[in-house]
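Have a look at final.txt below; it lists compact mmCIF, C-alpha atoms (C1' of nucleotides).
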# COMPACT_ATOMS: atom_id res chain seq x y z
CA MET A 431 -89.78 -61.53 -102.32
CA LYS A 432 -92.89 -59.32 -102.51
CA VAL A 433 -95.33 -60.38 -99.84
CA SER A 434 -98.69 -58.84 -100.59
CA THR A 435 -97.65 -55.30 -101.40
CA ARG A 436 -101.35 -54.47 -101.30
CA ARG A 437 -101.44 -54.81 -97.53
CA GLU A 438 -98.29 -52.72 -97.22
CA ASP A 439 -99.94 -50.03 -99.35
CA PHE A 440 -102.99 -50.10 -97.14
CA LEU A 441 -100.93 -49.75 -93.97
CA GLN A 442 -98.76 -46.99 -95.38
CA THR A 443 -101.84 -45.08 -96.50
CA SER A 444 -103.33 -45.51 -93.04
CA LEU A 445 -100.14 -44.20 -91.50
CA GLU A 446 -100.02 -41.08 -93.64
CA LEU A 447 -103.69 -40.33 -93.13
CA ILE A 448 -103.38 -40.75 -89.38
CA HIS A 449 -100.45 -38.35 -89.45
CA GLU A 450 -102.55 -35.82 -91.35
CA LYS A 451 -105.79 -35.99 -89.38
CA GLY A 452 -105.02 -37.83 -86.15
CA PHE A 453 -106.05 -41.37 -85.29
CA LYS A 454 -109.52 -40.65 -83.92
CA ALA A 455 -110.36 -38.29 -86.78
CA THR A 456 -109.26 -40.79 -89.42
CA THR A 457 -112.12 -43.09 -90.36
CA MET A 458 -111.89 -46.46 -91.98
CA ARG A 459 -113.81 -44.91 -94.86
CA ASP A 460 -111.13 -42.22 -95.23
CA ILE A 461 -108.44 -44.83 -95.63
CA ALA A 462 -110.49 -46.96 -98.02
CA GLU A 463 -111.33 -43.93 -100.14
CA ARG A 464 -107.67 -43.01 -100.52
CA MET A 465 -106.95 -46.62 -101.46
CA GLY A 466 -109.72 -46.47 -104.04
CA PHE A 467 -111.95 -49.23 -102.71
CA ASP A 468 -114.91 -49.76 -100.41
CA VAL A 469 -114.62 -49.67 -96.60
CA SER A 470 -115.49 -53.29 -96.18
CA ASN A 471 -112.47 -54.35 -98.19
CA SER A 472 -110.21 -52.83 -95.55
CA TYR A 473 -111.08 -55.72 -93.29
CA ASN A 474 -109.31 -58.09 -95.65
CA TYR A 475 -106.08 -56.40 -94.60
CA ILE A 476 -106.58 -55.58 -90.94
CA LYS A 477 -108.69 -57.03 -88.14
CA SER A 478 -109.72 -53.71 -86.62
CA LYS A 479 -108.86 -50.04 -86.59
CA GLN A 480 -107.09 -50.45 -83.26
CA ASP A 481 -104.83 -53.04 -84.86
CA ILE A 482 -103.41 -50.45 -87.23
CA LEU A 483 -102.37 -48.37 -84.26
CA GLU A 484 -100.97 -51.31 -82.31
CA LEU A 485 -99.01 -52.63 -85.24
CA PHE A 486 -97.04 -49.45 -85.85
CA LEU A 487 -96.70 -48.49 -82.21
CA PHE A 488 -95.22 -51.75 -80.99
CA ARG A 489 -93.10 -52.32 -84.07
CA THR A 490 -91.46 -48.91 -83.86
CA SER A 491 -91.12 -49.10 -80.11
CA ALA A 492 -89.25 -52.39 -80.48
CA GLU A 493 -86.90 -50.75 -82.95
CA PHE A 494 -86.06 -47.99 -80.48
CA HIS A 495 -85.55 -50.48 -77.67
CA ASN A 496 -83.27 -52.65 -79.79
CA THR A 497 -81.08 -49.73 -80.72
CA MET A 498 -80.97 -48.49 -77.16
CA ASP A 499 -80.04 -51.94 -75.84
CA ASN A 500 -77.22 -52.33 -78.32
CA ILE A 501 -75.82 -48.94 -77.42
CA LEU A 502 -76.05 -49.58 -73.69
CA ALA A 503 -74.21 -52.90 -74.09
CA CYS A 504 -71.22 -51.23 -75.76
CA SER A 505 -67.95 -50.30 -74.11
CA TYR A 506 -68.36 -46.64 -75.03
CA THR A 507 -68.14 -43.98 -72.36
CA ALA A 508 -71.47 -42.52 -71.29
CA ASP A 509 -71.10 -39.36 -73.34
CA GLU A 510 -70.36 -41.45 -76.43
CA LYS A 511 -73.42 -43.55 -75.71
CA LEU A 512 -75.59 -40.48 -75.41
CA LYS A 513 -74.32 -39.26 -78.75
CA GLN A 514 -75.16 -42.64 -80.25
CA VAL A 515 -78.69 -42.53 -78.87
CA ILE A 516 -79.26 -39.07 -80.29
CA SER A 517 -77.80 -40.16 -83.61
CA ALA A 518 -80.09 -43.18 -83.70
CA HIS A 519 -83.12 -41.06 -82.96
CA ILE A 520 -82.31 -38.75 -85.83
CA GLN A 521 -81.85 -41.65 -88.20
CA VAL A 522 -85.17 -43.26 -87.31
CA ALA A 523 -86.94 -39.92 -87.47
CA ALA A 524 -85.44 -39.29 -90.90
CA LYS A 525 -86.26 -42.72 -92.29
CA LYS A 526 -89.66 -43.28 -90.67
CA PRO A 527 -91.08 -39.88 -89.77
CA PHE A 528 -94.71 -41.01 -89.84
CA GLU A 529 -94.07 -43.95 -87.54
CA VAL A 530 -92.32 -41.66 -85.09
CA ALA A 531 -95.12 -39.10 -85.34
CA LEU A 532 -97.54 -41.88 -84.44
CA MET A 533 -95.48 -42.78 -81.39
CA VAL A 534 -95.35 -39.20 -80.22
CA ASN A 535 -98.96 -38.22 -80.87
CA GLU A 536 -101.26 -41.22 -80.88
CA TRP A 537 -100.24 -43.69 -78.18
CA ARG A 538 -102.95 -42.32 -75.88
CA ASN A 539 -105.54 -43.80 -78.25
CA LEU A 540 -104.60 -47.37 -77.47
CA SER A 541 -107.36 -49.19 -75.61
CA GLU A 542 -106.96 -50.91 -72.35
CA PRO A 543 -105.05 -54.14 -72.49
CA LYS A 544 -102.51 -52.76 -74.95
CA TYR A 545 -102.41 -49.30 -73.44
CA ASN A 546 -100.83 -50.54 -70.24
CA GLU A 547 -98.38 -52.67 -72.18
CA TYR A 548 -97.28 -49.68 -74.17
CA VAL A 549 -96.95 -47.38 -71.18
CA ALA A 550 -94.74 -50.00 -69.57
CA LEU A 551 -92.50 -50.02 -72.65
CA ARG A 552 -92.37 -46.25 -72.52
CA ASN A 553 -91.37 -46.23 -68.87
CA LEU A 554 -88.78 -48.89 -69.54
CA TYR A 555 -87.20 -46.77 -72.24
CA GLU A 556 -87.08 -43.86 -69.84
CA LYS A 557 -85.37 -46.09 -67.29
CA LYS A 558 -82.74 -47.13 -69.80
CA MET A 559 -81.98 -43.51 -70.56
CA ALA A 560 -81.83 -42.73 -66.84
CA LYS A 561 -79.36 -45.57 -66.39
CA LEU A 562 -77.16 -44.14 -69.12
CA LEU A 563 -77.15 -40.75 -67.44
CA ARG A 564 -76.44 -42.19 -63.98
CA GLU A 565 -73.56 -44.10 -65.51
CA GLY A 566 -72.13 -40.86 -66.87
CA VAL A 567 -72.44 -39.10 -63.55
CA GLN A 568 -70.61 -41.95 -61.80
CA GLN A 569 -67.91 -41.96 -64.46
CA GLY A 570 -67.46 -38.25 -63.81
CA VAL A 571 -68.13 -37.36 -67.43
CA PHE A 572 -71.55 -35.86 -66.68
CA LYS A 573 -72.06 -33.29 -63.96
CA GLU A 574 -74.09 -33.88 -60.80
CA MET A 575 -77.75 -33.56 -61.67
CA ASP A 576 -81.29 -34.75 -60.99
CA VAL A 577 -81.31 -37.74 -63.32
CA LYS A 578 -85.11 -37.97 -63.39
CA ILE A 579 -85.41 -34.40 -64.62
CA ALA A 580 -82.54 -34.71 -67.06
CA THR A 581 -84.06 -37.85 -68.55
CA ALA A 582 -87.43 -36.22 -69.12
CA LEU A 583 -85.81 -33.14 -70.57
CA ILE A 584 -83.48 -34.91 -72.98
CA LEU A 585 -86.12 -37.32 -74.26
CA SER A 586 -88.56 -34.48 -74.70
CA SER A 587 -85.93 -32.39 -76.46
CA ILE A 588 -85.54 -34.91 -79.27
CA ARG A 589 -89.24 -35.76 -79.64
CA TRP A 590 -89.87 -33.07 -82.25
CA LEU A 591 -87.31 -34.51 -84.66
CA TYR A 592 -89.84 -36.34 -86.84
CA ASP A 593 -91.36 -32.99 -87.68
CA ALA A 594 -88.22 -31.98 -89.56
CA TYR A 595 -88.87 -34.87 -91.95
CA ALA A 596 -92.62 -35.56 -91.90
CA ASN A 597 -93.41 -32.16 -93.35
CA THR A 598 -91.23 -32.52 -96.38
CA LYS A 599 -90.66 -28.87 -97.28
CA LYS A 600 -87.08 -28.94 -96.12
CA ALA A 601 -85.46 -32.39 -95.74
CA MET A 602 -82.81 -31.39 -93.24
CA ASN A 603 -79.28 -32.72 -93.39
CA PRO A 604 -79.03 -35.44 -90.72
CA ILE A 605 -75.29 -34.97 -90.18
CA GLU A 606 -75.56 -31.28 -89.42
CA LEU A 607 -78.70 -31.89 -87.37
CA GLU A 608 -76.82 -34.37 -85.23
CA ARG A 609 -73.87 -32.02 -84.77
CA GLN A 610 -76.14 -29.22 -83.58
CA ILE A 611 -78.26 -31.33 -81.24
CA VAL A 612 -75.35 -33.16 -79.69
CA GLY A 613 -73.69 -29.81 -79.10
CA LEU A 614 -76.77 -28.39 -77.39
CA VAL A 615 -77.52 -31.40 -75.22
CA LEU A 616 -73.95 -31.96 -74.11
CA GLU A 617 -72.77 -28.36 -73.74
CA GLY A 618 -75.86 -26.17 -73.69
CA VAL A 619 -76.30 -22.80 -75.35
CA LEU A 620 -73.70 -20.79 -73.42
CA LYS A 621 -70.43 -19.86 -75.06
CA MET B 1290 -117.52 -11.08 -57.02
CA LYS B 1291 -118.66 -14.55 -58.04
CA VAL B 1292 -119.61 -14.59 -61.69
CA SER B 1293 -121.55 -17.77 -62.33
CA THR B 1294 -119.30 -20.29 -60.60
CA ARG B 1295 -121.45 -22.95 -62.22
CA ARG B 1296 -120.00 -22.19 -65.61
CA GLU B 1297 -116.49 -22.22 -64.18
CA ASP B 1298 -117.19 -25.62 -62.67
CA PHE B 1299 -118.42 -26.90 -66.00
CA LEU B 1300 -115.33 -25.66 -67.82
CA GLN B 1301 -112.96 -26.99 -65.18
CA THR B 1302 -114.65 -30.39 -65.32
CA SER B 1303 -114.38 -30.35 -69.10
CA LEU B 1304 -110.70 -29.53 -68.84
CA GLU B 1305 -109.93 -32.37 -66.47
CA LEU B 1306 -111.94 -34.87 -68.46
CA ILE B 1307 -110.22 -33.85 -71.67
CA HIS B 1308 -106.90 -34.31 -69.95
CA GLU B 1309 -107.92 -37.82 -68.87
CA LYS B 1310 -109.43 -39.11 -72.09
CA GLY B 1311 -108.39 -36.72 -74.83
CA PHE B 1312 -110.62 -34.20 -76.58
CA LYS B 1313 -112.09 -36.46 -79.24
CA ALA B 1314 -112.75 -39.26 -76.77
CA THR B 1315 -114.48 -36.97 -74.30
CA THR B 1316 -118.18 -36.69 -75.10
CA MET B 1317 -120.54 -33.96 -74.04
CA ARG B 1318 -122.39 -36.68 -72.16
CA ASP B 1319 -119.21 -37.55 -70.23
CA ILE B 1320 -118.86 -33.99 -69.04
CA ALA B 1321 -122.54 -33.63 -68.15
CA GLU B 1322 -122.48 -36.90 -66.25
CA ARG B 1323 -119.56 -35.77 -64.11
CA MET B 1324 -121.38 -32.50 -63.47
CA GLY B 1325 -124.45 -34.44 -62.44
CA PHE B 1326 -126.91 -33.14 -65.00
CA ASP B 1327 -128.29 -33.95 -68.44
CA VAL B 1328 -126.31 -33.37 -71.66
CA SER B 1329 -128.66 -30.76 -72.94
CA ASN B 1330 -127.97 -28.53 -69.97
CA SER B 1331 -124.35 -28.23 -71.04
CA TYR B 1332 -125.45 -25.98 -73.86
CA ASN B 1333 -126.52 -23.37 -71.33
CA TYR B 1334 -122.82 -22.93 -70.56
CA ILE B 1335 -121.10 -23.36 -73.88
CA LYS B 1336 -122.10 -22.89 -77.51
CA SER B 1337 -120.40 -26.02 -78.82
CA LYS B 1338 -117.82 -28.62 -77.94
CA GLN B 1339 -115.27 -26.89 -80.13
CA ASP B 1340 -115.75 -23.73 -78.07
CA ILE B 1341 -114.42 -25.46 -74.98
CA LEU B 1342 -111.22 -26.24 -76.82
CA GLU B 1343 -110.90 -22.77 -78.34
CA LEU B 1344 -111.53 -21.03 -75.04
CA PHE B 1345 -108.70 -22.73 -73.17
CA LEU B 1346 -106.30 -22.84 -76.08
CA PHE B 1347 -106.42 -19.17 -76.96
CA ARG B 1348 -106.62 -17.99 -73.36
CA THR B 1349 -103.53 -19.94 -72.30
CA SER B 1350 -101.69 -19.07 -75.49
CA ALA B 1351 -102.27 -15.38 -74.79
CA GLU B 1352 -100.84 -15.84 -71.32
CA PHE B 1353 -97.65 -17.35 -72.72
CA HIS B 1354 -97.33 -14.61 -75.32
CA ASN B 1355 -97.83 -11.89 -72.73
CA THR B 1356 -95.14 -13.27 -70.50
CA MET B 1357 -92.76 -13.75 -73.42
CA ASP B 1358 -93.36 -10.18 -74.65
CA ASN B 1359 -92.67 -8.71 -71.23
CA ILE B 1360 -89.45 -10.66 -70.91
CA LEU B 1361 -88.26 -9.73 -74.40
CA ALA B 1362 -88.90 -6.04 -73.67
CA CYS B 1363 -86.65 -6.08 -70.60
CA SER B 1364 -83.06 -4.86 -70.45
CA TYR B 1365 -81.82 -8.26 -69.30
CA THR B 1366 -79.02 -9.99 -71.18
CA ALA B 1367 -80.14 -12.84 -73.43
CA ASP B 1368 -79.14 -15.56 -71.02
CA GLU B 1369 -81.10 -13.87 -68.25
CA LYS B 1370 -84.09 -13.64 -70.57
CA LEU B 1371 -83.87 -17.31 -71.39
CA LYS B 1372 -83.83 -18.13 -67.70
CA GLN B 1373 -86.90 -15.95 -67.23
CA VAL B 1374 -88.75 -17.74 -70.03
CA ILE B 1375 -87.96 -21.13 -68.55
CA SER B 1376 -88.99 -19.93 -65.12
CA ALA B 1377 -92.28 -18.63 -66.49
CA HIS B 1378 -92.99 -21.93 -68.24
CA ILE B 1379 -92.48 -23.82 -65.01
CA GLN B 1380 -94.77 -21.48 -63.12
CA VAL B 1381 -97.59 -21.78 -65.64
CA ALA B 1382 -97.16 -25.55 -65.82
CA ALA B 1383 -97.30 -25.75 -62.03
CA LYS B 1384 -100.34 -23.51 -61.66
CA LYS B 1385 -102.34 -24.64 -64.69
CA PRO B 1386 -101.11 -28.10 -65.67
CA PHE B 1387 -104.36 -29.09 -67.41
CA GLU B 1388 -104.43 -25.98 -69.54
CA VAL B 1389 -100.86 -26.61 -70.60
CA ALA B 1390 -101.60 -30.27 -71.27
CA LEU B 1391 -104.40 -29.12 -73.56
CA MET B 1392 -102.04 -26.85 -75.44
CA VAL B 1393 -99.50 -29.60 -75.92
CA ASN B 1394 -101.86 -32.43 -76.83
CA GLU B 1395 -105.11 -31.16 -78.29
CA TRP B 1396 -104.48 -28.18 -80.53
CA ARG B 1397 -104.65 -30.41 -83.60
CA ASN B 1398 -108.36 -30.91 -82.90
CA LEU B 1399 -109.24 -27.31 -83.66
CA SER B 1400 -111.33 -27.00 -86.80
CA GLU B 1401 -110.49 -24.89 -89.74
CA PRO B 1402 -110.87 -21.22 -89.22
CA LYS B 1403 -109.46 -21.38 -85.70
CA TYR B 1404 -106.84 -23.98 -86.49
CA ASN B 1405 -104.92 -21.64 -88.76
CA GLU B 1406 -105.19 -18.84 -86.25
CA TYR B 1407 -103.71 -21.04 -83.59
CA VAL B 1408 -100.89 -22.35 -85.74
CA ALA B 1409 -99.99 -18.75 -86.53
CA LEU B 1410 -99.79 -17.99 -82.81
CA ARG B 1411 -97.63 -21.05 -82.34
CA ASN B 1412 -95.24 -20.01 -85.10
CA LEU B 1413 -95.11 -16.49 -83.72
CA TYR B 1414 -94.09 -17.81 -80.32
CA GLU B 1415 -91.35 -19.83 -81.95
CA LYS B 1416 -90.16 -16.70 -83.76
CA LYS B 1417 -89.99 -14.80 -80.50
CA MET B 1418 -87.85 -17.51 -78.97
CA ALA B 1419 -85.62 -17.56 -82.06
CA LYS B 1420 -85.20 -13.81 -81.75
CA LEU B 1421 -84.10 -14.21 -78.14
CA LEU B 1422 -81.51 -16.79 -79.14
CA ARG B 1423 -80.21 -14.73 -82.06
CA GLU B 1424 -79.85 -11.81 -79.67
CA GLY B 1425 -77.75 -13.96 -77.39
CA VAL B 1426 -75.50 -15.09 -80.20
CA GLN B 1427 -74.93 -11.52 -81.31
CA GLN B 1428 -74.19 -10.43 -77.74
CA GLY B 1429 -71.62 -13.21 -77.59
CA VAL B 1430 -73.26 -14.80 -74.57
CA PHE B 1431 -74.57 -17.78 -76.59
CA LYS B 1432 -72.32 -19.81 -78.85
CA GLU B 1433 -72.65 -19.96 -82.63
CA MET B 1434 -75.49 -22.32 -83.48
CA ASP B 1435 -78.35 -23.10 -85.85
CA VAL B 1436 -81.01 -20.95 -84.21
CA LYS B 1437 -83.88 -22.79 -85.89
CA ILE B 1438 -82.75 -26.11 -84.46
CA ALA B 1439 -81.96 -24.65 -81.05
CA THR B 1440 -85.40 -23.06 -80.88
CA ALA B 1441 -87.20 -26.30 -81.67
CA LEU B 1442 -85.04 -28.21 -79.22
CA ILE B 1443 -85.43 -25.82 -76.31
CA LEU B 1444 -89.18 -25.40 -76.72
CA SER B 1445 -89.61 -29.14 -77.03
CA SER B 1446 -87.41 -29.74 -73.99
CA ILE B 1447 -89.78 -27.81 -71.71
CA ARG B 1448 -93.03 -29.12 -73.20
CA TRP B 1449 -93.22 -32.08 -70.78
CA LEU B 1450 -93.26 -29.85 -67.69
CA TYR B 1451 -97.03 -29.96 -67.19
CA ASP B 1452 -96.71 -33.69 -66.67
CA ALA B 1453 -94.78 -33.14 -63.43
CA TYR B 1454 -97.87 -31.40 -62.04
CA ALA B 1455 -100.89 -32.82 -63.89
CA ASN B 1456 -100.31 -36.28 -62.46
CA THR B 1457 -100.30 -35.24 -58.87
CA LYS B 1458 -98.38 -38.10 -57.30
CA LYS B 1459 -95.32 -35.98 -56.66
CA ALA B 1460 -95.85 -32.18 -56.79
CA MET B 1461 -92.29 -31.26 -57.66
CA ASN B 1462 -90.54 -28.29 -56.11
CA PRO B 1463 -90.57 -25.52 -58.76
CA ILE B 1464 -87.41 -23.83 -57.48
CA GLU B 1465 -85.29 -26.96 -57.73
CA LEU B 1466 -86.93 -27.83 -61.05
CA GLU B 1467 -85.94 -24.46 -62.43
CA ARG B 1468 -82.37 -24.78 -61.18
CA GLN B 1469 -81.96 -28.15 -62.86
CA ILE B 1470 -83.54 -27.20 -66.18
CA VAL B 1471 -81.72 -23.89 -66.47
CA GLY B 1472 -78.48 -25.73 -65.76
CA LEU B 1473 -79.15 -28.30 -68.45
CA VAL B 1474 -80.32 -25.89 -71.15
CA LEU B 1475 -77.55 -23.37 -70.59
CA GLU B 1476 -74.62 -25.66 -69.86
CA GLY B 1477 -75.64 -29.15 -70.99
CA VAL B 1478 -74.92 -32.42 -69.26
CA LEU B 1479 -71.12 -32.45 -69.51
CA LYS B 1480 -69.05 -31.73 -66.42
C1' DT C 56 -108.53 -75.88 -117.41
C1' DT C 57 -109.45 -75.89 -112.82
C1' DC C 58 -109.33 -74.33 -108.32
C1' DA C 59 -108.09 -71.75 -104.50
C1' DA C 60 -106.50 -67.54 -102.83
C1' DA C 61 -106.59 -62.61 -103.18
C1' DT C 62 -109.29 -58.68 -104.06
C1' DA C 63 -113.32 -56.42 -104.34
C1' DT C 64 -118.57 -54.78 -103.76
C1' DA C 65 -123.27 -54.00 -101.75
C1' DA C 66 -126.20 -53.59 -97.99
C1' DA C 67 -127.00 -53.28 -93.60
C1' DC C 68 -126.34 -53.30 -88.29
C1' DA C 69 -126.17 -51.20 -83.81
C1' DA C 70 -124.14 -47.83 -81.23
C1' DT C 71 -122.50 -43.30 -80.47
C1' DT C 72 -122.37 -38.48 -81.07
C1' DG C 73 -123.20 -33.26 -81.15
C1' DT C 74 -126.95 -30.48 -81.04
C1' DT C 75 -131.84 -28.58 -80.83
C1' DG C 76 -136.53 -27.36 -79.22
C1' DA C 77 -140.12 -27.36 -76.07
C1' DC C 78 -140.98 -27.25 -71.22
C1' DT C 79 -140.36 -27.03 -66.19
C1' DT C 80 -138.55 -25.46 -61.76
C1' DA C 81 -135.77 -22.69 -58.57
C1' DA C 82 -133.59 -18.34 -57.43
C1' DA C 83 -132.97 -13.37 -57.77
C1' DA C 84 -134.22 -8.88 -58.87
C1' DT C 85 -137.85 -5.41 -59.60
C1' DA D 839 -145.87 -10.19 -55.58
C1' DT D 840 -144.34 -10.45 -60.00
C1' DT D 841 -141.18 -11.07 -63.36
C1' DT D 842 -136.88 -12.07 -65.23
C1' DT D 843 -132.88 -15.04 -65.20
C1' DA D 844 -130.42 -19.20 -64.14
C1' DA D 845 -130.50 -24.13 -64.00
C1' DG D 846 -132.33 -28.15 -65.38
C1' DT D 847 -135.18 -32.25 -67.80
C1' DC D 848 -137.03 -35.10 -71.71
C1' DA D 849 -137.27 -36.64 -76.21
C1' DA D 850 -135.67 -36.69 -80.43
C1' DC D 851 -132.87 -35.55 -84.76
C1' DA D 852 -129.56 -36.56 -88.37
C1' DA D 853 -125.13 -37.95 -89.20
C1' DT D 854 -121.18 -40.74 -88.49
C1' DT D 855 -118.79 -44.73 -87.24
C1' DG D 856 -116.59 -49.52 -86.85
C1' DT D 857 -117.76 -53.78 -88.26
C1' DT D 858 -120.17 -58.04 -90.33
C1' DT D 859 -122.27 -61.02 -93.72
C1' DA D 860 -123.06 -62.61 -98.04
C1' DT D 861 -121.58 -62.50 -102.62
C1' DA D 862 -118.95 -61.51 -106.75
C1' DT D 863 -114.64 -61.04 -109.63
C1' DT D 864 -109.89 -61.47 -110.69
C1' DT D 865 -105.54 -63.83 -110.68
C1' DG D 866 -101.80 -67.13 -110.27
C1' DA D 867 -100.60 -71.87 -109.61
C1' DA D 868 -101.67 -76.88 -110.20
Please go through the file and, once you have read it, give me the structure as structure tokens.
Amino acid sequence: MKVSTRREDFLQTSLELIHEKGFKATTMRDIAERMGFDVSNSYNYIKSKQDILELFLFRTSAEFHNTMDNILACSYTADEKLKQVISAHIQVAAKKPFEVALMVNEWRNLSEPKYNEYVALRNLYEKKMAKLLREGVQQGVFKEMDVKIATALILSSIRWLYDAYANTKKAMNPIELERQIVGLVLEGVLK
Amino acid sequence: MKVSTRREDFLQTSLELIHEKGFKATTMRDIAERMGFDVSNSYNYIKSKQDILELFLFRTSAEFHNTMDNILACSYTADEKLKQVISAHIQVAAKKPFEVALMVNEWRNLSEPKYNEYVALRNLYEKKMAKLLREGVQQGVFKEMDVKIATALILSSIRWLYDAYANTKKAMNPIELERQIVGLVLEGVLK
DNA sequence: TTCAAATATAAACAATTGTTGACTTAAAAT
DNA sequence: ATTTTAAGTCAACAATTGTTTATATTTGAA
């Protein structure tokens, strides 16, 4: 094992710095300084600044898609599937908060060939969620609703989750977090 | 009437450009070019690039706070208040989608004295929402729940709304939008 | 020991960026 | 008619930025 831990360090440092200052505001010199070496050395680990962004964005996106695909392919009922998706989101957010923060905040900074690719992946994920909801409506387990709106709302409602773990002051209990969020999404706030 | 419409034009152009490219990626030269004049002339309308950001951010924030304060001071029940808040968010998002987009996406680009000010306003707004929810729980109209989590979830769930209006392809009906979102937040997706 | 790969430095580049100062011209108010 | 104000141009600045090239040092394997 151990495949150039130096590169991993460099990428992790990049990730944390980008989370702190934003991608555009983070300079290659910032990253190098925190690593303790000169800027030019950074280019032994990465081809360009854009590549840092691409690497994390597409890797984490693939992880979300994989999980979603597995859940969709199960024989669960739609409400069970939705719970699974929420659960998975919480787990990823808890384990890789900086990667998720990057996905939420920095994807707009991709430049043109990759930007379109990424937006397509994003739309695809939205479509998968919409399919899940439509399934539930047809099964009679979800109420009649505008699936497009519900999709946007539910995905948006779990986008903040990384924040509960990226800013380490608290370290929220994932089990309780899941219980609360599932309760709110499935049954709302009314008694 | 008519108070220097030229300045308004400049600010509106800035706003749209920032929405398209992001604040950091939008240069003063970009804005000037779209206005049809030289960069230097921009500084007859604004003191600095940061000032453009501050102006919109604090102005729109104040609008949200005002509305929230008025709703909180009413004699409505908590569930009615929550509906009012959601309704207000939709109206602002429909009328000023670019301003709202700025609030959602660009507040991190504020620099230090103003950044803290803005974060404080943000936290205050969250506290006001939490108060509304706690009220509802005490009145017995909302179920028992972790108010901190519910606050984050609800606010996050309506953050995407500007997107339904900023990208003009559709121009969604605000009445139906409100019906759907209120239904989902209050009662969830289950039948 | 030798040799190649990994790790690092130093210096410089070309481009971009926010901002300023000195002037000019057009429009409005006195 | 004169003067103030609004609107605009031109040239230049200092700083920052991503990236490259050439070169040196360290390290692990042969």
May I ask for the distance between CA of Gln521 (chain A) and CA of Val615 (chain A), given in Å to one decimal place?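 We find that CA of Gln521 (chain A) and CA of Val615 (chain A) lie 17.1 Å from each other.
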Go through B:Lys1336, B:Lys1310, B:Arg1423, B:Arg1295 one by one, measure the shortest atom-to-atom distance of each to DG73 (chain C) using only C-alpha atoms (C1' of nucleotides), and give the residue with the smallest value. B:Lys1336
Taking all atoms listed in the file into account, what are the residues of chain D at most 8 Å from chain B, put as a PyMOL selection string? chain D and resi 845-847
What residues have an atom no more than 9 Å from (-132.0, -24.6, -77.7) in the file's own frame, counting all atoms listed in the file, and can you write them as a PDB file with C-alpha atoms (C1' of nucleotides), in the coordinates of the input?
ATOM      1  CA  SER B1329    -128.660 -30.760 -72.940  1.00  0.00           C
ATOM      2  CA  TYR B1332    -125.450 -25.980 -73.860  1.00  0.00           C
ATOM      3  CA  ASN B1333    -126.520 -23.370 -71.330  1.00  0.00           C
TER       4      ASN B1333
ATOM      5  C1'  DT C  74    -126.950 -30.480 -81.040  1.00  0.00           C
ATOM      6  C1'  DT C  75    -131.840 -28.580 -80.830  1.00  0.00           C
ATOM      7  C1'  DG C  76    -136.530 -27.360 -79.220  1.00  0.00           C
ATOM      8  C1'  DA C  77    -140.120 -27.360 -76.070  1.00  0.00           C
TER       9       DA C  77
END
For chain B, which residue among C:DT72, C:DT79, C:DA65, C:DT85 is the nearest when counting only C-alpha atoms (C1' of nucleotides)?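 Once distances to chain B are computed over only C-alpha atoms (C1' of nucleotides), the minimum belongs to C:DT72.
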Define the interface residues of chain B facing chain C as those within 8 Å, counting only C-alpha atoms (C1' of nucleotides), and report them as a PyMOL selection string. chain B and resi 1316-1317+1338
Can you pull out the residues contacting Phe1312 (chain B)? Cut-off 10 Å, using all atoms listed in the file, and skip same-chain residues under 5 positions away; I want them as a list of chain:residue names.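 Everything that qualifies: A:Lys454, B:Ser1303, B:Leu1304, B:Leu1306, B:Ile1307, B:Lys1338, B:Gln1339, B:Ile1341, B:Leu1342, B:Leu1391, B:Asn1394, B:Glu1395, B:Trp1396, B:Arg1397, B:Asn1398, B:Leu1399.
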Give the residues of chain B that lie within 7 Å of chain A; count all atoms listed in the file, and format the answer as a PDB file with C-alpha atoms, in the coordinates of the input.
ATOM      1  CA  LYS B1313    -112.090 -36.460 -79.240  1.00  0.00           C
ATOM      2  CA  VAL B1430     -73.260 -14.800 -74.570  1.00  0.00           C
ATOM      3  CA  PHE B1431     -74.570 -17.780 -76.590  1.00  0.00           C
ATOM      4  CA  LYS B1432     -72.320 -19.810 -78.850  1.00  0.00           C
ATOM      5  CA  MET B1434     -75.490 -22.320 -83.480  1.00  0.00           C
ATOM      6  CA  ASP B1435     -78.350 -23.100 -85.850  1.00  0.00           C
ATOM      7  CA  LEU B1442     -85.040 -28.210 -79.220  1.00  0.00           C
ATOM      8  CA  ILE B1443     -85.430 -25.820 -76.310  1.00  0.00           C
ATOM      9  CA  SER B1445     -89.610 -29.140 -77.030  1.00  0.00           C
ATOM     10  CA  SER B1446     -87.410 -29.740 -73.990  1.00  0.00           C
ATOM     11  CA  ILE B1447     -89.780 -27.810 -71.710  1.00  0.00           C
ATOM     12  CA  TRP B1449     -93.220 -32.080 -70.780  1.00  0.00           C
ATOM     13  CA  GLN B1469     -81.960 -28.150 -62.860  1.00  0.00           C
ATOM     14  CA  LEU B1473     -79.150 -28.300 -68.450  1.00  0.00           C
ATOM     15  CA  VAL B1474     -80.320 -25.890 -71.150  1.00  0.00           C
ATOM     16  CA  LEU B1475     -77.550 -23.370 -70.590  1.00  0.00           C
ATOM     17  CA  GLU B1476     -74.620 -25.660 -69.860  1.00  0.00           C
ATOM     18  CA  GLY B1477     -75.640 -29.150 -70.990  1.00  0.00           C
ATOM     19  CA  VAL B1478     -74.920 -32.420 -69.260  1.00  0.00           C
ATOM     20  CA  LEU B1479     -71.120 -32.450 -69.510  1.00  0.00           C
ATOM     21  CA  LYS B1480     -69.050 -31.730 -66.420  1.00  0.00           C
TER      22      LYS B1480
END
